[in-house]
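Below is input_36.cif, which holds mmCIF, C-alpha atoms.
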```cif
data_model
#
loop_
_atom_site.label_atom_id
_atom_site.label_comp_id
_atom_site.auth_asym_id
_atom_site.auth_seq_id
_atom_site.Cartn_x
_atom_site.Cartn_y
_atom_site.Cartn_z
CA MET K 19 128.76 113.63 -156.31
CA GLN K 20 126.74 116.02 -158.42
CA ARG K 21 128.57 118.34 -160.78
CA ILE K 22 127.56 121.36 -162.85
CA GLY K 23 125.16 120.30 -165.57
CA GLU K 24 123.62 117.43 -163.61
CA PRO K 25 120.01 117.60 -162.36
CA ARG K 26 119.69 119.83 -159.33
CA PRO K 27 118.71 118.42 -155.95
CA PHE K 28 115.41 119.61 -154.54
CA LEU K 29 115.57 122.12 -151.71
CA ARG K 30 114.29 120.73 -148.46
CA ASN K 31 111.10 122.74 -148.27
CA ASP K 32 109.42 125.75 -149.83
CA ALA K 33 109.72 127.93 -146.74
CA GLU K 34 113.45 127.41 -146.58
CA SER K 35 113.88 127.99 -150.32
CA GLN K 36 112.38 131.46 -150.04
CA SER K 37 115.00 132.85 -147.67
CA ILE K 38 118.59 132.29 -148.78
CA GLY K 39 120.83 135.16 -147.70
CA VAL K 40 123.95 135.37 -149.89
CA ALA K 41 126.66 138.06 -149.64
CA TYR K 42 129.44 138.70 -152.16
CA LYS K 43 132.67 140.44 -151.13
CA SER K 44 135.14 140.75 -153.97
CA ASP K 45 135.61 142.64 -157.23
CA PRO K 46 132.40 144.62 -157.89
CA VAL K 47 132.68 144.34 -161.69
CA MET K 48 132.81 140.56 -161.42
CA GLY K 49 130.11 140.81 -158.77
CA ALA K 50 127.68 142.19 -161.34
CA VAL K 51 128.10 138.94 -163.30
CA TRP K 52 127.55 136.92 -160.13
CA ARG K 53 124.37 138.86 -159.38
CA GLU K 54 122.90 138.11 -162.82
CA VAL K 55 123.75 134.42 -162.57
CA PHE K 56 122.12 134.16 -159.14
CA ARG K 57 119.07 136.02 -160.44
CA SER K 58 118.54 133.37 -163.12
CA GLU K 59 119.98 130.24 -161.47
CA LEU K 60 118.90 130.68 -157.84
CA PRO K 61 116.15 133.34 -157.81
CA GLN K 62 115.10 132.50 -154.25
CA ALA K 63 118.45 133.86 -153.03
CA SER K 64 118.76 137.40 -151.72
CA PHE K 65 122.10 138.36 -153.33
CA ARG K 66 123.87 141.25 -151.57
CA MET K 67 127.05 143.08 -152.58
CA TRP K 68 129.47 144.05 -149.83
CA PRO K 69 129.33 146.39 -147.96
CA GLU K 70 125.63 147.02 -148.71
CA ILE K 71 124.41 143.72 -147.29
CA GLY K 72 121.58 144.90 -145.07
CA ALA K 73 120.99 142.82 -141.94
CA GLY K 74 124.10 140.69 -141.43
CA GLU K 75 122.18 138.09 -139.43
CA GLU K 76 120.23 137.17 -142.58
CA VAL K 77 123.37 136.09 -144.47
CA GLU K 78 123.97 132.35 -144.51
CA TYR K 79 126.47 132.15 -147.38
CA LEU K 80 129.47 134.40 -148.07
CA ILE K 81 131.43 134.48 -151.33
CA ALA K 82 134.78 136.20 -150.82
CA TRP K 83 138.51 136.24 -151.39
CA VAL K 84 139.08 137.60 -147.88
CA PRO K 85 136.18 137.76 -145.38
CA PRO K 86 135.55 140.85 -143.26
CA PRO K 87 137.23 141.22 -139.85
CA ASP K 88 135.14 139.97 -136.94
CA LEU K 89 133.34 137.57 -139.25
CA GLU K 90 131.24 136.07 -136.47
CA GLY K 91 130.08 139.50 -135.33
CA ALA K 92 129.33 140.73 -138.84
CA LEU K 93 127.59 137.55 -140.03
CA PRO K 94 126.47 135.64 -136.93
CA ASN K 95 124.41 133.05 -138.84
CA LEU K 96 126.95 132.29 -141.55
CA LYS K 97 126.99 128.62 -142.58
CA VAL K 98 129.37 128.44 -145.55
CA LEU K 99 132.25 130.58 -146.79
CA PHE K 100 133.01 130.10 -150.50
CA SER K 101 136.53 131.11 -151.48
CA ILE K 102 136.72 132.91 -154.83
CA GLY K 103 139.98 131.10 -155.62
CA ALA K 104 141.25 127.54 -155.73
CA GLY K 105 143.53 128.20 -152.77
CA ILE K 106 142.66 129.25 -149.23
CA ASP K 107 146.05 130.43 -148.00
CA GLN K 108 144.73 134.00 -147.99
CA LEU K 109 142.29 133.02 -145.23
CA ASP K 110 143.03 133.17 -141.51
CA LEU K 111 141.36 129.91 -140.53
CA ASP K 112 141.61 130.75 -136.84
CA ALA K 113 139.42 133.82 -137.42
CA ILE K 114 136.66 131.79 -139.08
CA PRO K 115 134.25 130.17 -136.58
CA PRO K 116 134.69 126.37 -136.51
CA HIS K 117 131.05 125.72 -137.43
CA VAL K 118 131.44 127.62 -140.73
CA LYS K 119 132.21 125.30 -143.63
CA ILE K 120 134.90 126.55 -146.05
CA VAL K 121 134.69 125.59 -149.72
CA ARG K 122 137.42 126.34 -152.24
CA MET K 123 136.77 126.95 -155.91
CA LEU K 124 137.09 123.98 -158.22
CA ASP K 125 135.99 124.37 -161.81
CA ALA K 126 136.92 123.04 -165.22
CA ASP K 127 137.96 126.44 -166.58
CA LEU K 128 140.43 126.95 -163.74
CA THR K 129 141.92 123.50 -164.34
CA ARG K 130 142.15 124.03 -168.11
CA GLY K 131 143.88 127.37 -167.60
CA MET K 132 146.46 125.86 -165.28
CA VAL K 133 147.09 122.94 -167.62
CA GLU K 134 147.68 125.37 -170.49
CA PHE K 135 150.10 127.52 -168.52
CA ALA K 136 151.99 124.70 -166.83
CA THR K 137 152.40 122.87 -170.14
CA PHE K 138 153.67 126.09 -171.73
CA GLY K 139 156.03 126.64 -168.81
CA VAL K 140 157.54 123.16 -168.91
CA LEU K 141 157.97 123.32 -172.69
CA ALA K 142 159.50 126.81 -172.47
CA LEU K 143 162.01 125.63 -169.87
CA HIS K 144 162.72 122.47 -171.86
CA ARG K 145 163.35 124.46 -175.05
CA ASP K 146 165.57 127.12 -173.37
CA VAL K 147 163.10 129.98 -173.88
CA PRO K 148 164.34 132.07 -170.90
CA HIS K 149 167.81 131.97 -172.45
CA TYR K 150 166.53 132.91 -175.91
CA VAL K 151 164.51 135.82 -174.50
CA SER K 152 167.65 137.05 -172.74
CA ASP K 153 169.67 136.62 -175.94
CA GLN K 154 167.13 138.61 -177.93
CA GLN K 155 167.15 141.45 -175.42
CA ALA K 156 170.97 141.51 -175.53
CA GLY K 157 171.08 141.36 -179.34
CA ARG K 158 172.66 137.90 -179.36
CA TRP K 159 172.02 135.16 -181.93
CA MET K 160 173.02 131.91 -180.25
CA TYR K 161 172.17 128.27 -180.95
CA ARG K 162 171.68 125.82 -178.10
CA PRO K 163 171.68 122.06 -178.67
CA LEU K 164 168.23 120.47 -178.62
CA GLN K 165 167.52 117.87 -175.93
CA ARG K 166 164.88 115.18 -176.40
CA ALA K 167 161.88 115.32 -174.05
CA ALA K 168 162.54 111.68 -173.16
CA GLU K 169 165.84 112.80 -171.66
CA ARG K 170 164.35 115.59 -169.51
CA ARG K 171 162.78 114.44 -166.25
CA VAL K 172 159.86 116.53 -164.98
CA GLY K 173 158.84 116.46 -161.33
CA ILE K 174 155.52 117.82 -160.10
CA MET K 175 155.12 118.84 -156.47
CA GLY K 176 151.43 118.54 -155.59
CA LEU K 177 149.27 115.73 -156.93
CA GLY K 178 145.77 117.10 -156.42
CA VAL K 179 143.31 117.86 -159.20
CA LEU K 180 145.67 120.32 -160.89
CA GLY K 181 148.75 118.14 -160.53
CA HIS K 182 146.98 115.16 -162.07
CA ALA K 183 145.69 117.26 -164.96
CA VAL K 184 149.10 118.77 -165.71
CA ALA K 185 150.70 115.32 -165.62
CA GLU K 186 148.18 114.04 -168.17
CA SER K 187 149.01 116.92 -170.50
CA LEU K 188 152.77 116.37 -170.24
CA LYS K 189 152.59 112.63 -170.92
CA SER K 190 152.00 113.18 -174.63
CA PHE K 191 155.40 114.86 -175.01
CA GLY K 192 157.31 111.88 -173.66
CA PHE K 193 158.80 113.47 -170.54
CA PRO K 194 159.66 110.98 -167.79
CA LEU K 195 157.34 112.08 -164.99
CA ARG K 196 157.63 111.90 -161.23
CA GLY K 197 155.43 113.39 -158.54
CA TRP K 198 155.60 114.26 -154.86
CA SER K 199 152.78 114.86 -152.39
CA ALA K 200 152.30 115.01 -148.64
CA SER K 201 150.49 111.66 -148.60
CA PRO K 202 150.89 108.68 -150.97
CA LYS K 203 149.20 109.05 -154.37
CA ALA K 204 149.16 106.70 -157.34
CA VAL K 205 149.22 108.31 -160.78
CA GLU K 206 149.36 106.18 -163.91
CA GLY K 207 152.51 106.73 -165.93
CA MET K 208 154.28 108.58 -163.10
CA GLU K 209 156.76 107.54 -160.43
CA THR K 210 155.38 108.92 -157.17
CA PHE K 211 156.92 109.87 -153.83
CA SER K 212 155.41 111.18 -150.62
CA GLY K 213 156.26 112.76 -147.33
CA PRO K 214 159.44 114.41 -146.05
CA LYS K 215 161.43 111.16 -146.05
CA GLN K 216 161.00 110.69 -149.81
CA LEU K 217 161.45 114.31 -150.84
CA GLY K 218 165.20 113.97 -151.45
CA ALA K 219 164.78 110.91 -153.65
CA PHE K 220 162.12 112.74 -155.65
CA LEU K 221 164.19 115.90 -156.11
CA SER K 222 167.33 114.05 -157.19
CA GLY K 223 165.57 113.00 -160.40
CA CYS K 224 163.96 116.33 -161.41
CA ASP K 225 165.51 118.24 -164.30
CA ILE K 226 162.44 120.50 -164.34
CA LEU K 227 160.64 121.07 -161.03
CA VAL K 228 157.01 122.22 -161.11
CA CYS K 229 155.39 123.51 -157.90
CA LEU K 230 151.62 123.05 -157.68
CA LEU K 231 151.42 122.61 -153.92
CA PRO K 232 148.85 124.24 -151.67
CA LEU K 233 150.43 126.80 -149.37
CA THR K 234 150.43 125.53 -145.79
CA ASP K 235 152.72 125.90 -142.80
CA GLU K 236 154.52 122.77 -144.00
CA THR K 237 155.05 123.96 -147.59
CA ARG K 238 155.85 127.63 -146.99
CA GLY K 239 159.40 128.28 -148.21
CA ILE K 240 159.77 124.76 -149.60
CA LEU K 241 161.41 126.17 -152.73
CA GLY K 242 164.56 127.18 -150.91
CA SER K 243 168.23 126.30 -150.68
CA ALA K 244 167.62 122.93 -148.97
CA THR K 245 165.43 121.86 -151.88
CA PHE K 246 167.62 123.38 -154.60
CA GLU K 247 170.71 121.59 -153.28
CA GLN K 248 169.00 118.22 -153.77
CA LEU K 249 168.15 118.89 -157.42
CA PRO K 250 170.53 117.94 -160.24
CA MET K 251 172.96 120.73 -161.11
CA GLY K 252 171.35 123.07 -163.64
CA ALA K 253 167.76 122.09 -162.90
CA ARG K 254 164.95 124.40 -164.01
CA LEU K 255 162.05 125.72 -161.95
CA LEU K 256 158.39 126.52 -162.67
CA ASN K 257 156.40 127.93 -159.75
CA VAL K 258 152.66 128.15 -160.37
CA GLY K 259 151.75 127.51 -156.74
CA ARG K 260 152.02 130.50 -154.41
CA GLY K 261 154.66 133.16 -153.86
CA GLY K 262 155.03 131.94 -150.29
CA HIS K 263 156.49 128.66 -151.53
CA LEU K 264 159.58 130.42 -152.85
CA ALA K 265 162.51 131.73 -150.82
CA GLU K 266 163.40 134.40 -153.37
CA ASP K 267 166.91 135.16 -152.09
CA ASP K 268 167.72 131.45 -152.18
CA LEU K 269 166.62 131.27 -155.81
CA ILE K 270 168.77 134.26 -156.73
CA ALA K 271 171.77 132.54 -155.07
CA ALA K 272 170.99 129.23 -156.82
CA LEU K 273 170.83 131.02 -160.19
CA ALA K 274 174.17 132.67 -159.47
CA ASP K 275 175.99 129.42 -158.72
CA GLY K 276 174.31 127.43 -161.52
CA ARG K 277 172.36 125.10 -159.25
CA ILE K 278 169.22 126.47 -160.95
CA ASP K 279 169.71 127.18 -164.65
CA CYS K 280 166.55 129.23 -165.28
CA ALA K 281 163.05 129.73 -163.93
CA ILE K 282 159.53 130.76 -164.80
CA LEU K 283 157.58 132.30 -161.93
CA ASP K 284 153.89 133.17 -162.05
CA VAL K 285 153.80 134.17 -158.38
CA LEU K 286 156.01 136.20 -156.06
CA GLN K 287 155.95 136.83 -152.32
CA SER K 288 154.74 140.41 -152.76
CA GLU K 289 152.37 141.22 -155.62
CA PRO K 290 152.80 143.46 -157.43
CA PRO K 291 156.55 143.47 -156.77
CA ALA K 292 158.68 146.60 -156.69
CA ALA K 293 159.81 147.74 -160.14
CA ASP K 294 163.44 147.03 -159.18
CA HIS K 295 162.75 143.52 -157.83
CA PRO K 296 165.84 141.45 -158.78
CA LEU K 297 163.81 138.56 -160.18
CA LEU K 298 161.95 140.89 -162.54
CA ARG K 299 165.25 141.92 -164.04
CA HIS K 300 167.10 138.61 -163.93
CA PRO K 301 168.25 137.50 -167.41
CA ARG K 302 167.32 133.85 -166.85
CA VAL K 303 163.95 134.35 -165.17
CA ILE K 304 160.56 134.95 -166.78
CA VAL K 305 157.95 136.44 -164.45
CA THR K 306 154.24 136.61 -165.23
CA PRO K 307 151.71 138.52 -163.08
CA HIS K 308 149.83 135.66 -161.39
CA ILE K 309 147.88 134.79 -164.54
CA ALA K 310 148.47 131.02 -164.83
CA SER K 311 144.79 130.42 -164.26
CA ALA K 312 141.70 132.29 -163.17
CA THR K 313 138.15 131.61 -162.13
CA LEU K 314 135.66 132.77 -164.76
CA PRO K 315 132.83 134.55 -162.94
CA GLN K 316 129.85 133.04 -164.76
CA ALA K 317 130.96 129.44 -164.36
CA ALA K 318 132.05 130.07 -160.77
CA ALA K 319 128.69 131.62 -159.89
CA GLN K 320 126.81 128.71 -161.45
CA ARG K 321 128.94 126.31 -159.45
CA VAL K 322 128.25 128.12 -156.17
CA CYS K 323 124.50 128.11 -156.91
CA ARG K 324 124.63 124.33 -157.25
CA LEU K 325 126.69 123.99 -154.07
CA ILE K 326 124.24 126.09 -152.07
CA GLU K 327 121.42 123.84 -153.28
CA ARG K 328 123.41 120.78 -152.25
CA HIS K 329 124.13 122.23 -148.82
CA ARG K 330 120.49 123.05 -148.21
CA SER K 331 119.54 119.54 -149.29
CA GLY K 332 122.01 117.98 -146.87
CA LEU K 333 124.29 116.74 -149.64
CA PRO K 334 128.13 116.92 -149.63
CA MET K 335 129.84 119.84 -151.33
CA GLU K 336 132.83 119.29 -153.61
CA GLY K 337 135.75 121.48 -152.58
CA LEU K 338 135.02 121.39 -148.83
CA ILE K 339 138.35 121.87 -147.09
CA ASP K 340 139.83 119.89 -144.23
CA ARG K 341 140.88 122.49 -141.66
CA ARG K 342 143.37 120.11 -140.08
CA ARG K 343 145.30 119.84 -143.34
CA GLY K 344 144.81 123.47 -144.34
CA TYR K 345 143.36 122.67 -147.78
#
```

Starting from the file, lay out its structure as structure tokens.
Amino acid sequence: MQRIGEPRPFLRNDAESQSIGVAYKSDPVMGAVWREVFRSELPQASFRMWPEIGAGEEVEYLIAWVPPPDLEGALPNLKVLFSIGAGIDQLDLDAIPPHVKIVRMLDADLTRGMVEFATFGVLALHRDVPHYVSDQQAGRWMYRPLQRAAERRVGIMGLGVLGHAVAESLKSFGFPLRGWSASPKAVEGMETFSGPKQLGAFLSGCDILVCLLPLTDETRGILGSATFEQLPMGARLLNVGRGGHLAEDDLIAALADGRIDCAILDVLQSEPPAADHPLLRHPRVIVTPHIASATLPQAAAQRVCRLIERHRSGLPMEGLIDRRRGY
């Protein structure tokens, strides 16, 4: 499969290459970067910024976080919807015509960003950073015994591209690693589990639990009391998946009874949360504003240019989702 930097496929014919209708519906500041990239990388495309897209029937490709309502009516000849983000849980798949292909964002910068943040998060939980931050704010000077990484088991929920990359980063620290996914996956240097029947066995050996799952009907609320009760007492939690994975009241209860010792959360159910949200003010929780990773506009635009060329040449597109699985 072709990746960014490889030779581009030829478009099928000159007539087709002269009429590529592309619409962008997202942040307009970022959109200016996208426009310049398309101008240089795919000059035969007619790049339009929402809502000034002209004739909707001329648009074949849409780049968006959330598409417009009545997508089929607004863009009747749409062929591909490119999601701005790595996830697609913000999309109502039932509202997107079945013939429209949906492609999620995969790029090296996004993966590197997540690896950096997840590695930081695991190390911070391992080295008691939420406790030390709380101590500092309270004016306390308190020593906590150091535990070897080899004695702290890390479990990763979600073994896709990001889960694999995070696991590779954590190996160098000596953490015993285990992973869980919906379907069986083999990862070198990691004990793996899959499916609902093996979830309990996986959780029972996780001193630090990392959520990198896609958000689907099956995974919504998976970080709740039923999961927390199967973890070792005093386990620690890092959620860099989606806010919808976490049952927030269940986490607050698990923190209160010691089932969960501390947590780092990059995502919450409602963003931004209310200023008095209890997790924002919890002494053993660190919350960051959904910044674990981000798509850089120039690289993302270059990637979409290549994918449009592949689509028009009849070649497969990396990141094409399976609607049945929801990711």

- Using all atoms listed in the file, determine which residues lie at most 12 Å from Ala253 (chain K), disregarding the query and same-chain residues fewer than 5 positions distant; provide the list as an MDAnalysis selection string. chainID K and resid 140 143:144 146 170:173 221:228 245:248 269 272:273 275:281

- Message: I'd like to know which of K:Gly337, K:Pro46, K:Gly39, K:Gly178 is closest to Leu60 (chain K), using only C-alpha atoms.
- Response: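 Comparing K:Gly337, K:Pro46, K:Gly39, K:Gly178 against Leu60 (chain K), the winner is K:Gly39.
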
- By how many Å are CA of Ser190 (chain K) and CA of Ile304 (chain K) apart? 24.7 Å

- Item | Point-to-point distance from CA of Glu236 (chain K) to CA of Asp267 (chain K), Å rounded to tenths |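 Value for the CA of Glu236 (chain K)-CA of Asp267 (chain K) distance: 19.3 Å.
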
- Message: Need to verify the contact set: Ala200 (chain K), 12 Å, all atoms listed in the file, exclusion of same-chain residues closer than 5 positions in sequence. Can you return it as number ranges by chain?
- Response: K: 175-178, 210-217, 231-234, 236-237, 343, 345

So that I have them on file, write out the residues from the current selection with C-alpha atoms, as a compact mmCIF listing (two decimals), in the coordinates of the input.
```
# COMPACT_ATOMS: atom_id res chain seq x y z
CA MET K 175 155.12 118.84 -156.47
CA GLY K 176 151.43 118.54 -155.59
CA LEU K 177 149.27 115.73 -156.93
CA GLY K 178 145.77 117.10 -156.42
CA THR K 210 155.38 108.92 -157.17
CA PHE K 211 156.92 109.87 -153.83
CA SER K 212 155.41 111.18 -150.62
CA GLY K 213 156.26 112.76 -147.33
CA PRO K 214 159.44 114.41 -146.05
CA LYS K 215 161.43 111.16 -146.05
CA GLN K 216 161.00 110.69 -149.81
CA LEU K 217 161.45 114.31 -150.84
CA LEU K 231 151.42 122.61 -153.92
CA PRO K 232 148.85 124.24 -151.67
CA LEU K 233 150.43 126.80 -149.37
CA THR K 234 150.43 125.53 -145.79
CA GLU K 236 154.52 122.77 -144.00
CA THR K 237 155.05 123.96 -147.59
CA ARG K 343 145.30 119.84 -143.34
CA TYR K 345 143.36 122.67 -147.78
```
